[in-house]
Each structure stands twice: as structure tokens, then as C-alpha cells.
file entry_8.txt (compact mmCIF, C-alpha atoms)
# COMPACT_ATOMS: atom_id res chain seq x y z
CA MET A 1 28.25 14.12 80.11
CA ARG A 2 27.46 11.32 77.66
CA VAL A 3 24.39 9.11 78.01
CA ASP A 4 24.40 5.61 76.53
CA SER A 5 22.01 5.80 73.57
CA THR A 6 21.21 2.10 73.86
CA GLU A 7 20.04 2.43 77.48
CA ARG A 8 16.31 2.72 78.11
CA LEU A 9 15.38 6.31 78.87
CA VAL A 10 14.02 6.33 82.40
CA SER A 11 13.09 9.99 81.92
CA LEU A 12 10.71 9.12 79.09
CA ASP A 13 8.99 6.38 81.09
CA THR A 14 8.78 8.73 84.08
CA LEU A 15 7.31 11.59 82.07
CA ARG A 16 4.70 9.27 80.54
CA GLY A 17 3.71 8.13 84.02
CA PHE A 18 3.69 11.70 85.32
CA ASP A 19 1.31 12.62 82.51
CA MET A 20 -1.04 9.70 83.24
CA PHE A 21 -0.90 10.33 87.01
CA TRP A 22 -3.17 13.34 86.66
CA ILE A 23 -5.73 11.40 84.64
CA MET A 24 -5.82 8.39 86.97
CA GLY A 25 -6.51 10.42 90.10
CA GLY A 26 -4.13 13.32 90.64
CA LYS A 27 -6.81 15.82 89.65
CA GLY A 28 -9.22 14.24 92.15
CA VAL A 29 -6.74 14.77 94.99
CA VAL A 30 -6.27 18.44 94.05
CA SER A 31 -10.05 18.86 93.89
CA ALA A 32 -10.44 17.35 97.38
CA LEU A 33 -7.69 19.60 98.76
CA ALA A 34 -9.34 22.67 97.23
CA ALA A 35 -12.66 21.74 98.86
CA LEU A 36 -11.04 20.97 102.23
CA THR A 37 -8.81 24.00 102.65
CA SER A 38 -9.21 27.71 102.17
CA TRP A 39 -5.82 27.98 100.47
CA GLN A 40 -6.33 29.71 97.13
CA GLY A 41 -3.38 27.86 95.60
CA PHE A 42 -5.35 24.62 95.36
CA SER A 43 -8.34 26.44 93.88
CA TRP A 44 -6.07 28.12 91.32
CA CYS A 45 -4.53 24.75 90.39
CA LEU A 46 -7.97 23.20 90.02
CA GLU A 47 -9.01 25.99 87.66
CA ARG A 48 -5.97 25.20 85.54
CA MET A 49 -7.22 21.60 85.32
CA GLU A 50 -10.17 22.47 83.08
CA HIS A 51 -10.31 22.74 79.30
CA PRO A 52 -11.33 26.12 77.85
CA GLU A 53 -14.72 25.86 76.17
CA TRP A 54 -13.24 26.97 72.83
CA HIS A 55 -10.26 29.30 72.24
CA GLY A 56 -7.52 29.53 74.86
CA PHE A 57 -5.07 27.28 76.68
CA GLU A 58 -4.82 25.81 80.15
CA PRO A 59 -2.17 23.35 81.42
CA TRP A 60 -4.82 20.59 81.42
CA ASP A 61 -4.88 20.91 77.62
CA LEU A 62 -1.31 19.59 77.55
CA VAL A 63 -2.09 16.14 79.00
CA PHE A 64 -3.33 14.64 75.72
CA PRO A 65 -0.76 16.23 73.33
CA LEU A 66 2.08 15.37 75.72
CA PHE A 67 1.14 11.69 75.60
CA LEU A 68 1.03 11.82 71.79
CA PHE A 69 4.38 13.60 71.69
CA ILE A 70 5.89 10.91 73.94
CA ALA A 71 4.50 8.23 71.61
CA GLY A 72 6.38 9.98 68.81
CA VAL A 73 9.61 10.10 70.84
CA SER A 74 9.35 6.35 71.44
CA THR A 75 8.85 5.58 67.74
CA PRO A 76 12.52 5.64 66.57
CA PHE A 77 13.49 3.38 69.49
CA SER A 78 10.66 0.96 68.65
CA ILE A 79 11.51 0.86 64.94
CA ASP A 80 15.22 0.30 65.61
CA ASN A 81 14.46 -2.46 68.12
CA ARG A 82 12.32 -4.30 65.59
CA GLN A 83 14.98 -3.89 62.91
CA ALA A 84 17.59 -5.27 65.33
CA LYS A 85 15.41 -8.37 65.71
CA GLY A 86 15.51 -8.89 61.95
CA ASP A 87 12.12 -7.45 60.97
CA GLY A 88 11.99 -5.98 57.49
CA ARG A 89 10.41 -2.68 56.48
CA GLY A 90 7.24 -4.35 55.30
CA LYS A 91 6.68 -6.23 58.53
CA ILE A 92 7.38 -3.13 60.64
CA SER A 93 4.98 -1.06 58.53
CA ARG A 94 2.24 -3.67 58.92
CA HIS A 95 2.79 -3.67 62.69
CA ILE A 96 2.52 0.14 62.76
CA VAL A 97 -0.80 0.02 60.91
CA TYR A 98 -2.03 -2.82 63.13
CA ARG A 99 -1.11 -0.90 66.27
CA GLY A 100 -2.81 2.27 65.06
CA LEU A 101 -6.04 0.48 64.16
CA VAL A 102 -6.10 -1.45 67.45
CA LEU A 103 -5.90 1.86 69.32
CA VAL A 104 -8.85 3.12 67.26
CA LEU A 105 -10.78 -0.03 68.22
CA LEU A 106 -9.86 0.35 71.90
CA GLY A 107 -11.11 3.91 71.75
CA MET A 108 -14.47 2.73 70.42
CA ILE A 109 -14.59 0.09 73.18
CA TYR A 110 -13.92 2.86 75.68
CA ASN A 111 -16.88 4.73 74.20
CA GLY A 112 -19.20 1.75 74.72
CA LEU A 113 -18.82 -0.54 71.70
CA LEU A 114 -19.07 -3.71 73.81
CA THR A 115 -22.13 -2.53 75.73
CA MET A 116 -24.19 -1.65 72.66
CA ASP A 117 -27.66 -3.12 72.33
CA TRP A 118 -27.17 -4.97 69.06
CA SER A 119 -30.92 -5.53 68.71
CA ASP A 120 -31.49 -1.78 68.56
CA SER A 121 -31.26 -0.56 64.97
CA SER A 122 -30.30 2.94 66.17
CA ALA A 123 -27.40 1.71 68.34
CA TRP A 124 -24.74 2.48 65.74
CA SER A 125 -26.06 6.00 65.26
CA ASN A 126 -25.61 6.65 68.99
CA LEU A 127 -22.06 5.25 69.23
CA ARG A 128 -19.29 7.82 69.30
CA CYS A 129 -16.47 6.66 67.02
CA PRO A 130 -13.86 9.40 67.70
CA SER A 131 -11.82 9.04 70.87
CA VAL A 132 -8.59 10.02 72.56
CA LEU A 133 -7.08 6.60 71.81
CA GLY A 134 -8.33 6.81 68.24
CA ARG A 135 -6.62 10.17 67.72
CA ILE A 136 -3.41 8.79 69.23
CA GLY A 137 -3.64 5.66 67.07
CA LEU A 138 -4.14 7.47 63.77
CA ALA A 139 -1.63 10.25 64.47
CA TYR A 140 0.99 7.75 65.65
CA MET A 141 0.35 5.46 62.68
CA PHE A 142 0.84 8.14 60.02
CA ALA A 143 3.78 9.73 61.86
CA ALA A 144 5.54 6.37 62.20
CA LEU A 145 4.98 5.53 58.52
CA ILE A 146 6.38 8.93 57.55
CA ALA A 147 9.35 8.34 59.86
CA MET A 148 9.96 4.98 58.17
CA ASN A 149 10.37 6.67 54.79
CA THR A 150 12.03 10.02 55.52
CA ARG A 151 15.03 11.58 57.16
CA LEU A 152 15.19 14.78 59.22
CA ARG A 153 14.64 17.17 56.31
CA GLY A 154 11.69 15.20 55.03
CA ARG A 155 10.10 15.07 58.49
CA VAL A 156 10.49 18.82 58.94
CA LEU A 157 8.87 19.38 55.54
CA TRP A 158 6.00 17.08 56.51
CA ILE A 159 5.46 18.98 59.77
CA ALA A 160 5.44 22.32 57.96
CA GLY A 161 3.14 20.98 55.25
CA LEU A 162 0.66 19.47 57.71
CA LEU A 163 0.43 22.57 59.91
CA LEU A 164 0.37 25.10 57.06
CA GLY A 165 -1.96 22.95 54.98
CA TYR A 166 -4.44 22.60 57.84
CA TRP A 167 -4.36 26.36 58.47
CA ALA A 168 -4.80 27.11 54.74
CA ALA A 169 -7.73 24.70 54.44
CA LEU A 170 -9.62 26.37 57.29
CA ARG A 171 -8.77 29.85 56.01
CA TRP A 172 -9.75 29.45 52.36
CA ILE A 173 -12.12 26.49 51.90
CA PRO A 174 -15.69 27.73 52.44
CA VAL A 175 -18.16 25.83 54.64
CA PRO A 176 -21.81 25.76 53.50
CA ASP A 177 -23.82 28.47 55.32
CA PHE A 178 -20.76 29.79 57.16
CA GLY A 179 -18.07 30.49 54.56
CA ALA A 180 -14.32 30.21 55.09
CA TRP A 181 -12.37 31.07 58.26
CA ASP A 182 -15.39 31.12 60.54
CA LEU A 183 -13.79 29.78 63.72
CA SER A 184 -16.99 29.69 65.77
CA PRO A 185 -17.92 26.34 67.38
CA GLY A 186 -19.60 24.10 64.81
CA HIS A 187 -18.91 26.49 61.94
CA THR A 188 -15.37 25.44 61.02
CA LEU A 189 -14.24 23.28 58.14
CA THR A 190 -12.98 20.78 60.72
CA ASP A 191 -16.43 20.42 62.24
CA TYR A 192 -18.12 20.27 58.84
CA ILE A 193 -15.87 17.49 57.51
CA ASP A 194 -16.35 15.48 60.71
CA ARG A 195 -20.13 15.77 60.35
CA GLN A 196 -19.91 14.54 56.77
CA LEU A 197 -17.48 11.66 57.26
CA LEU A 198 -17.89 10.31 60.79
CA PRO A 199 -20.65 7.80 61.50
CA GLY A 200 -22.51 7.74 64.80
CA SER A 201 -22.71 10.62 67.24
CA LEU A 202 -20.30 13.48 67.88
CA TYR A 203 -19.29 14.48 71.39
CA ARG A 204 -20.71 18.01 71.10
CA GLY A 205 -23.53 17.17 68.70
CA ASP A 206 -22.27 19.26 65.78
CA ARG A 207 -18.57 18.78 66.49
CA ASP A 208 -16.09 16.50 68.21
CA PRO A 209 -12.77 17.49 69.85
CA GLU A 210 -11.28 14.12 68.82
CA GLY A 211 -12.69 14.17 65.30
CA LEU A 212 -11.09 13.01 62.07
CA PHE A 213 -9.93 16.14 60.26
CA ALA A 214 -7.98 17.58 63.21
CA THR A 215 -5.86 14.43 63.16
CA ILE A 216 -3.84 16.20 60.44
CA PRO A 217 -2.08 18.66 62.79
CA ALA A 218 -1.92 15.95 65.48
CA ILE A 219 0.32 13.96 63.12
CA ALA A 220 2.71 16.91 63.24
CA THR A 221 2.69 16.71 67.06
CA ALA A 222 3.75 13.08 66.86
CA LEU A 223 6.37 13.84 64.18
CA LEU A 224 7.94 16.50 66.40
CA GLY A 225 8.23 13.75 68.99
CA VAL A 226 9.85 11.47 66.38
CA ILE A 227 12.51 14.10 65.64
CA THR A 228 13.14 14.43 69.38
CA GLY A 229 13.47 10.67 69.74
CA GLN A 230 16.01 10.57 66.92
CA LEU A 231 17.99 13.30 68.72
CA LEU A 232 18.00 11.29 71.94
CA LYS A 233 19.27 8.22 70.08
CA ARG A 234 22.36 9.99 68.78
CA SER A 235 25.56 8.63 70.30
CA ASP A 236 27.73 11.51 69.09
CA LEU A 237 26.07 14.06 71.37
CA GLY A 238 26.42 14.32 75.13
CA GLY A 239 23.55 14.60 77.57
CA TYR A 240 23.98 18.34 78.13
CA ARG A 241 24.05 19.01 74.38
CA LYS A 242 20.84 17.05 73.91
CA THR A 243 19.21 18.89 76.80
CA LEU A 244 20.15 22.31 75.41
CA THR A 245 18.96 21.30 71.93
CA MET A 246 15.56 20.25 73.30
CA MET A 247 15.30 23.48 75.30
CA ALA A 248 16.15 25.55 72.24
CA GLY A 249 13.69 23.58 70.12
CA GLY A 250 11.00 24.02 72.75
CA ALA A 251 11.59 27.76 72.95
CA ALA A 252 11.47 28.05 69.14
CA CYS A 253 8.16 26.13 68.99
CA LEU A 254 6.68 28.34 71.71
CA GLY A 255 7.79 31.50 69.91
CA ILE A 256 6.34 30.44 66.55
CA ALA A 257 3.17 29.24 68.26
CA TRP A 258 2.69 32.57 70.04
CA LEU A 259 3.08 34.52 66.81
CA TRP A 260 0.76 32.16 64.91
CA SER A 261 -1.86 32.33 67.66
CA LYS A 262 -2.49 35.97 66.74
CA ASP A 263 -4.06 34.68 63.53
CA PHE A 264 -4.97 31.06 64.43
CA PRO A 265 -5.75 30.96 68.19
CA PHE A 266 -4.79 28.16 70.55
CA ASN A 267 -7.68 25.72 70.36
CA LYS A 268 -7.59 22.12 71.57
CA ASN A 269 -10.98 21.36 70.00
CA LEU A 270 -9.58 22.19 66.56
CA TRP A 271 -6.00 21.13 67.43
CA SER A 272 -5.06 24.40 65.75
CA SER A 273 -1.60 24.67 64.23
CA SER A 274 -0.56 27.16 66.93
CA PHE A 275 -1.87 24.76 69.60
CA ALA A 276 0.14 21.88 68.11
CA LEU A 277 3.37 23.91 68.21
CA HIS A 278 2.62 25.35 71.65
CA CYS A 279 2.10 21.87 73.13
CA ALA A 280 5.18 20.52 71.35
CA GLY A 281 7.24 23.37 72.81
CA LEU A 282 6.00 22.70 76.34
CA SER A 283 6.51 18.95 75.85
CA LEU A 284 10.11 19.55 74.74
CA LEU A 285 10.82 21.71 77.77
CA LEU A 286 9.29 19.13 80.13
CA LEU A 287 11.20 16.27 78.53
CA SER A 288 14.46 18.24 78.62
CA LEU A 289 13.99 18.81 82.36
CA PHE A 290 13.15 15.18 83.08
CA TYR A 291 16.02 14.00 80.84
CA LEU A 292 18.57 16.30 82.49
CA VAL A 293 17.63 15.33 86.06
CA ILE A 294 16.95 11.61 85.55
CA ASP A 295 19.19 10.44 82.70
CA VAL A 296 22.06 12.96 82.78
CA TRP A 297 22.36 13.69 86.49
CA ARG A 298 20.90 10.23 87.27
CA PHE A 299 18.75 11.44 90.13
CA ARG A 300 16.17 8.65 90.10
CA TRP A 301 14.81 8.59 93.62
CA GLY A 302 11.03 8.15 93.50
CA THR A 303 10.82 7.74 89.73
CA ILE A 304 9.41 4.23 90.19
CA VAL A 305 6.11 5.83 91.25
CA PHE A 306 5.63 7.24 87.76
CA VAL A 307 7.46 4.49 85.84
CA VAL A 308 4.94 1.95 87.14
CA ILE A 309 2.10 4.11 85.80
CA GLY A 310 3.76 4.80 82.47
CA ALA A 311 4.53 1.13 81.87
CA ASN A 312 0.79 0.36 81.70
CA SER A 313 -0.66 3.64 80.53
CA ILE A 314 -3.25 2.10 78.21
CA LEU A 315 -4.34 -0.34 80.91
CA ILE A 316 -5.01 2.36 83.50
CA TYR A 317 -6.79 4.49 80.91
CA MET A 318 -9.12 1.63 79.94
CA ALA A 319 -9.52 0.05 83.40
CA PRO A 320 -12.21 2.41 84.80
CA ARG A 321 -14.52 1.30 81.99
CA PHE A 322 -14.42 -2.27 83.35
CA MET A 323 -13.54 -1.90 87.05
CA ASP A 324 -15.38 0.13 89.70
CA PHE A 325 -12.48 1.53 91.73
CA ALA A 326 -14.81 3.76 93.75
CA PHE A 327 -16.82 0.73 94.88
CA THR A 328 -13.65 -1.12 95.91
CA THR A 329 -12.39 1.92 97.80
CA ARG A 330 -15.63 2.35 99.69
CA GLY A 331 -15.55 -1.32 100.65
CA LEU A 332 -11.99 -1.19 101.95
CA PHE A 333 -12.07 2.18 103.69
CA ALA A 334 -15.69 2.49 104.84
CA GLY A 335 -14.73 2.06 108.50
CA VAL A 336 -11.84 4.50 108.41
CA SER A 337 -13.90 7.11 106.56
CA THR A 338 -16.37 7.32 109.44
CA LEU A 339 -13.52 8.63 111.61
CA ALA A 340 -12.12 11.04 109.03
CA GLY A 341 -14.84 13.68 109.29
CA SER A 342 -14.25 16.55 106.87
CA PHE A 343 -11.15 14.76 105.56
CA THR A 344 -13.29 11.94 104.09
CA PRO A 345 -13.31 13.27 100.47
CA LEU A 346 -9.52 13.70 100.55
CA LEU A 347 -9.03 10.25 102.06
CA PHE A 348 -11.28 8.75 99.41
CA ALA A 349 -9.45 10.49 96.52
CA VAL A 350 -6.04 9.37 97.83
CA ALA A 351 -7.33 5.82 98.43
CA VAL A 352 -8.70 5.50 94.89
CA LEU A 353 -5.36 6.68 93.52
CA LEU A 354 -3.47 4.24 95.77
CA ILE A 355 -5.61 1.25 94.77
CA LYS A 356 -5.07 2.01 91.09
CA TRP A 357 -1.33 2.37 91.63
CA LEU A 358 -1.10 -0.90 93.59
CA MET A 359 -2.85 -2.70 90.75
CA LEU A 360 -0.32 -1.26 88.30
CA TRP A 361 2.56 -2.10 90.65
CA LEU A 362 1.45 -5.75 90.82
CA CYS A 363 1.26 -5.85 87.03
CA TYR A 364 4.71 -4.27 86.84
CA ARG A 365 6.19 -6.82 89.26
CA LYS A 366 4.59 -9.71 87.34
CA LYS A 367 5.66 -8.16 84.01
CA ILE A 368 2.05 -7.91 82.85
CA PHE A 369 1.73 -5.08 80.33
CA LEU A 370 -1.15 -4.16 78.04
CA LYS A 371 0.58 -3.44 74.75
CA VAL A 372 -0.58 -3.20 71.17
call {"tool": "encode", "arguments": {"input": "entry_8.txt", "output": "C-alpha cells"}}
result
Amino acid sequence: MRVDSTERLVSLDTLRGFDMFWIMGGKGVVSALAALTSWQGFSWCLERMEHPEWHGFEPWDLVFPLFLFIAGVSTPFSIDNRQAKGDGRGKISRHIVYRGLVLVLLGMIYNGLLTMDWSDSSAWSNLRCPSVLGRIGLAYMFAALIAMNTRLRGRVLWIAGLLLGYWAALRWIPVPDFGAWDLSPGHTLTDYIDRQLLPGSLYRGDRDPEGLFATIPAIATALLGVITGQLLKRSDLGGYRKTLTMMAGGAACLGIAWLWSKDFPFNKNLWSSSFALHCAGLSLLLLSLFYLVIDVWRFRWGTIVFVVIGANSILIYMAPRFMDFAFTTRGLFAGVSTLAGSFTPLLFAVAVLLIKWLMLWLCYRKKIFLKV
């Protein structure tokens, strides 16, 4: 079955929204269900929604890389759309850099840039500059610029070079007091470089999971998304062929990641090379499933729930820093909650999620989107 390559991919918008759903309140609902019931399934799911302290992998670790991968998938569509409007390479490149830097700025705003006490001389030293949005911005920016100037072979070589180069740097470049290939928290080359280059405070004191040096393998995550996006744009391949190709690519990434993890463990804090490939493999498998069901089989019932979220993903990520959704929920449902008894925490979690979604739905209906 052939899918029109010029048609907007509903599966991609849905997957982006599905990813953000868990951040905006899905985890809170699972937590309330685990507390309310004695069913071990909810407790098991909640345990999977925590990051390992250091080495290891849990499904919750995929939320961030999946969003970055999706940003990479969207890149070829975005570049082609701008070229179709008559934008030249220079203008597109400037927009890519602008977008990346704005995301870095938004990340700093999320961390408290606007609420700093400017009269306090130590304020800058307490501000955390790294952020989730900053990592996305920088990784997207470099991946998009690479995509602008390479074809498939060049992109594959960049991915290999970034992942192997990052691994080689940690293995052979010694860190003062700790030497090379010490993968203990705070002892790695990644942590050392972040301490030397990043101003302000780090999330863990001596290290930061969204630091600067680990952006190198994150660029590879975005580039794997770019290659996937280019595949989805091809008009000479049918929907089933694209689905099978993504599945095969996902399986290959998972296999290589598993083998590499024996030497370089899965580690979100370091964004280890094995972690980057593992998350790319899972992202490919998820996207292939969503693409097959939604864009090939065209089963789209209920997708609007996630499309609405995905259409304003940056808005809902930033909104809790400026809007007190819990306060609004308590004001609207205070009376009902007195009748809910032991169900009150669950009612509250669902209500918070609903209020956020209704805000996004109104924005969607009014075509109000926070874009950079």
C-alpha cells in the first residue's frame, strides 16, 4: 500500500503527543492508580517510570530520546517545505541555528532565568544552564546542519563517527585524578568537561545529565531520526516497505546497542553510545507501529487526543513553569473531591491532565501554536 509522501504524517504527530502525554500527567495517573489499588501491575509500571541512578535502562529513559528522534524525523520535511517556499540554503541554515539557540534560551528560562535576582552577584553561579530543551536545541541544530550538507552515506558516516568518537574519547583521554575509562559518577570525561566549560550550577553538583559534552552522541540520535524522515518521504516505496525497513533498522540498532553495552553500558546520564542506539532502535520500532496502524491502515480513531498534545509540545512543557495547574484543579474540583473519598488522588491526577489537555485543545482549535 502506497502512502502519499506529501501528506502530513498523522502517525508522527500522534507519537509526539503520546510521548508528551506521560510528561504532562500520564505518570501522575499511574502513580495514583498504584496508590489506590493493590494490583501489582500499576506498581510495576510506576517502577518503570523512574530513571536508573546511573547505569541501566528503564522505559522512562526513552521519553527524552524519543522526542529528539522525532525532531530528527521532522527535519527533512521542514527543510523541504522551506525550500518549496523559495528559501535558499543560507536562509534555512540561519533559521536552523536560530531555532536551536532559542530552544537553549527556553531551557534556561525553564530553569529560572527570568526569576533570577539580578541584584545578587551570585545569581549567575546558581543558574543551571543545561536543560532538556537545550540538549534538544543543540542536537537538532547540528543534526539539521549536517543533513543540509550530506546525503545518506555522509549521514551514516557522521553517526558512526560521533558514536565511536565519543566512546574513544571516554576510553582513552585521561581525567585528572581519575584517569581514562572511569565510568563512575562524576569521574568521567563527560563530567569533567562539563565542569570546565559550563557556567553556573550543575544538576548533580559535579555532573549534569543534560550537559554539553554528551550532546555529541545526542546529535547521532537526531541524525538517525533524519535518515528515518528521509525514508518516509520517499515516493517510490510503499507503506509496508517503509514499515519493514524501519522495523529492520530498529532491530539492527537494538542488536548493536546490546553488544556495545557489554563494554559501554546503557547510561542516560552519559548518553552513552549504546544508549543512543538502544533508544533509536526502540524509537524506530514505535514509529513503525504507529505508522503502520495510522498512516498505512488509516486507523485514526482517537488519535486527536495525542495530536492535540503533540501540536503544542513545547507549550505544555513550559506551561507548568508559569501556570499553577494544581491550584486551578483544586479550585474547580474542591467540592467533588470531598465526595470522592479514597479516590481523591486519582480524581485530582485525572483532572489536572484534563485541564492541561483542554487548554491545548483550545489552542489547537484557535490555531495557536508555540513554535520556534
call {"tool": "atom_distance", "arguments": {"input": "entry_8.txt", "atom1": "atom CA of A:Ala35", "atom2": "atom CA of A:Pro345"}}
result
8.6 Å
call {"tool": "residues_around", "arguments": {"input": "entry_8.txt", "residues": "A:Ile70", "least_positions_apart": "4", "cutoff": "12 Å", "atoms": "all atoms listed in the file", "output": "PyMOL selection string"}}
result
chain A and resi 9+11-20+62-66+74-77+136+140+221-229+279-280+283-284+286-287+310+313
call {"tool": "write_last_selection", "arguments": {"input": "entry_8.txt", "atoms": "C-alpha atoms", "output": "mmCIF file, in the frame of the given file"}}
result
data_model
loop_
_atom_site.group_PDB
_atom_site.id
_atom_site.type_symbol
_atom_site.label_atom_id
_atom_site.label_comp_id
_atom_site.auth_asym_id
_atom_site.auth_seq_id
_atom_site.Cartn_x
_atom_site.Cartn_y
_atom_site.Cartn_z
ATOM 1 C CA LEU A 9 15.380 6.310 78.870
ATOM 2 C CA SER A 11 13.090 9.990 81.920
ATOM 3 C CA LEU A 12 10.710 9.120 79.090
ATOM 4 C CA ASP A 13 8.990 6.380 81.090
ATOM 5 C CA THR A 14 8.780 8.730 84.080
ATOM 6 C CA LEU A 15 7.310 11.590 82.070
ATOM 7 C CA ARG A 16 4.700 9.270 80.540
ATOM 8 C CA GLY A 17 3.710 8.130 84.020
ATOM 9 C CA PHE A 18 3.690 11.700 85.320
ATOM 10 C CA ASP A 19 1.310 12.620 82.510
ATOM 11 C CA MET A 20 -1.040 9.700 83.240
ATOM 12 C CA LEU A 62 -1.310 19.590 77.550
ATOM 13 C CA VAL A 63 -2.090 16.140 79.000
ATOM 14 C CA PHE A 64 -3.330 14.640 75.720
ATOM 15 C CA PRO A 65 -0.760 16.230 73.330
ATOM 16 C CA LEU A 66 2.080 15.370 75.720
ATOM 17 C CA SER A 74 9.350 6.350 71.440
ATOM 18 C CA THR A 75 8.850 5.580 67.740
ATOM 19 C CA PRO A 76 12.520 5.640 66.570
ATOM 20 C CA PHE A 77 13.490 3.380 69.490
ATOM 21 C CA ILE A 136 -3.410 8.790 69.230
ATOM 22 C CA TYR A 140 0.990 7.750 65.650
ATOM 23 C CA THR A 221 2.690 16.710 67.060
ATOM 24 C CA ALA A 222 3.750 13.080 66.860
ATOM 25 C CA LEU A 223 6.370 13.840 64.180
ATOM 26 C CA LEU A 224 7.940 16.500 66.400
ATOM 27 C CA GLY A 225 8.230 13.750 68.990
ATOM 28 C CA VAL A 226 9.850 11.470 66.380
ATOM 29 C CA ILE A 227 12.510 14.100 65.640
ATOM 30 C CA THR A 228 13.140 14.430 69.380
ATOM 31 C CA GLY A 229 13.470 10.670 69.740
ATOM 32 C CA CYS A 279 2.100 21.870 73.130
ATOM 33 C CA ALA A 280 5.180 20.520 71.350
ATOM 34 C CA SER A 283 6.510 18.950 75.850
ATOM 35 C CA LEU A 284 10.110 19.550 74.740
ATOM 36 C CA LEU A 286 9.290 19.130 80.130
ATOM 37 C CA LEU A 287 11.200 16.270 78.530
ATOM 38 C CA GLY A 310 3.760 4.800 82.470
ATOM 39 C CA SER A 313 -0.660 3.640 80.530
#
call {"tool": "closest_residue", "arguments": {"input": "entry_8.txt", "among": "A:Ile316, A:Leu358, A:Leu68, A:Ala144", "to": "A:Ile23", "atoms": "only C-alpha atoms"}}
result
A:Ile316
call {"tool": "residues_around", "arguments": {"input": "entry_8.txt", "residues": "A:Met148", "least_positions_apart": "2", "cutoff": "8 Å", "atoms": "only C-alpha atoms", "output": "list in words"}}
result
Arg89, Ser93, Ala144, Leu145, Ile146 and Thr150 of chain A
call {"tool": "residues_around", "arguments": {"input": "entry_8.txt", "residues": "A:Leu362", "least_positions_apart": "5", "cutoff": "12 Å", "atoms": "only C-alpha atoms", "output": "count of residues only"}}
result
10
call {"tool": "closest_residue", "arguments": {"input": "entry_8.txt", "among": "A:Met24, A:Val156, A:Tyr203, A:Arg195", "to": "A:Leu360", "atoms": "only C-alpha atoms"}}
result
A:Met24
call {"tool": "residues_around", "arguments": {"input": "entry_8.txt", "residues": "stretch 182-192 of chain A", "least_positions_apart": "4", "cutoff": "8 Å", "atoms": "all atoms listed in the file", "output": "ChimeraX atom specification"}}
result
/A:54,169-170,173-175,178,196,206-208,211,213-214,270
call {"tool": "residues_near_point", "arguments": {"input": "entry_8.txt", "point": "(24.9, 16.2, 84.8)", "cutoff": "8 Å", "atoms": "only C-alpha atoms", "output": "PyMOL selection string"}}
result
chain A and resi 1+239-240+292-293+296-298
call {"tool": "closest_residue", "arguments": {"input": "entry_8.txt", "among": "A:Leu152, A:Ala248, A:Met318, A:Leu354", "to": "A:Gly112", "atoms": "all atoms listed in the file"}}
result
A:Met318
call {"tool": "closest_residue", "arguments": {"input": "entry_8.txt", "among": "A:Ala251, A:Val352, A:Ile96, A:Leu157", "to": "A:Pro320", "atoms": "all atoms listed in the file"}}
result
A:Val352
call {"tool": "atom_distance", "arguments": {"input": "entry_8.txt", "atom1": "atom CA of A:Leu36", "atom2": "atom CA of A:Met359"}}
result
27.6 Å
call {"tool": "atom_distance", "arguments": {"input": "entry_8.txt", "atom1": "atom CA of A:Asn126", "atom2": "atom CA of A:Tyr317"}}
result
22.4 Å
call {"tool": "residues_around", "arguments": {"input": "entry_8.txt", "residues": "A:Gly134", "least_positions_apart": "4", "cutoff": "6 Å", "atoms": "all atoms listed in the file", "output": "list in words"}}
result
Leu103, Val104 and Gly107 of chain A
call {"tool": "closest_residue", "arguments": {"input": "entry_8.txt", "among": "A:Val73, A:Ala351, A:Leu46, A:Ile294", "to": "A:Trp22", "atoms": "all atoms listed in the file"}}
result
A:Leu46
call {"tool": "residues_near_point", "arguments": {"input": "entry_8.txt", "point": "(-19.1, 4.8, 63.6)", "cutoff": "8 Å", "atoms": "only C-alpha atoms", "output": "PyMOL selection string"}}
result
chain A and resi 124-125+127-129+198-201
call {"tool": "closest_residue", "arguments": {"input": "entry_8.txt", "among": "A:Ser273, A:Ser342, A:Ser31, A:Ser261", "to": "A:Trp167", "atoms": "only C-alpha atoms"}}
result
A:Ser273
call {"tool": "decode", "arguments": {"input": "entry_8.txt", "residues": "stretch 245-266 of chain A", "atoms": "C-alpha atoms", "output": "PDB file, in the first residue's frame"}}
result
ATOM      1  CA  THR A 245      12.577  -1.083   6.722  1.00  0.00           C
ATOM      2  CA  MET A 246      12.023   0.804   9.986  1.00  0.00           C
ATOM      3  CA  MET A 247      11.475  -2.460  11.852  1.00  0.00           C
ATOM      4  CA  ALA A 248      14.658  -3.923  10.415  1.00  0.00           C
ATOM      5  CA  GLY A 249      16.584  -0.746  11.211  1.00  0.00           C
ATOM      6  CA  GLY A 250      15.216  -0.752  14.747  1.00  0.00           C
ATOM      7  CA  ALA A 251      16.195  -4.381  15.279  1.00  0.00           C
ATOM      8  CA  ALA A 252      19.701  -3.699  13.926  1.00  0.00           C
ATOM      9  CA  CYS A 253      20.147  -0.709  16.271  1.00  0.00           C
ATOM     10  CA  LEU A 254      18.979  -2.779  19.239  1.00  0.00           C
ATOM     11  CA  GLY A 255      21.356  -5.615  18.354  1.00  0.00           C
ATOM     12  CA  ILE A 256      24.389  -3.340  18.000  1.00  0.00           C
ATOM     13  CA  ALA A 257      23.400  -1.480  21.164  1.00  0.00           C
ATOM     14  CA  TRP A 258      23.152  -4.706  23.167  1.00  0.00           C
ATOM     15  CA  LEU A 259      26.591  -5.850  22.025  1.00  0.00           C
ATOM     16  CA  TRP A 260      28.135  -2.418  22.687  1.00  0.00           C
ATOM     17  CA  SER A 261      26.549  -2.239  26.142  1.00  0.00           C
ATOM     18  CA  LYS A 262      28.844  -5.064  27.265  1.00  0.00           C
ATOM     19  CA  ASP A 263      31.702  -2.572  27.020  1.00  0.00           C
ATOM     20  CA  PHE A 264      29.892   0.810  27.235  1.00  0.00           C
ATOM     21  CA  PRO A 265      26.767   0.309  29.408  1.00  0.00           C
ATOM     22  CA  PHE A 266      23.394   1.921  28.795  1.00  0.00           C
TER      23      PHE A 266
END
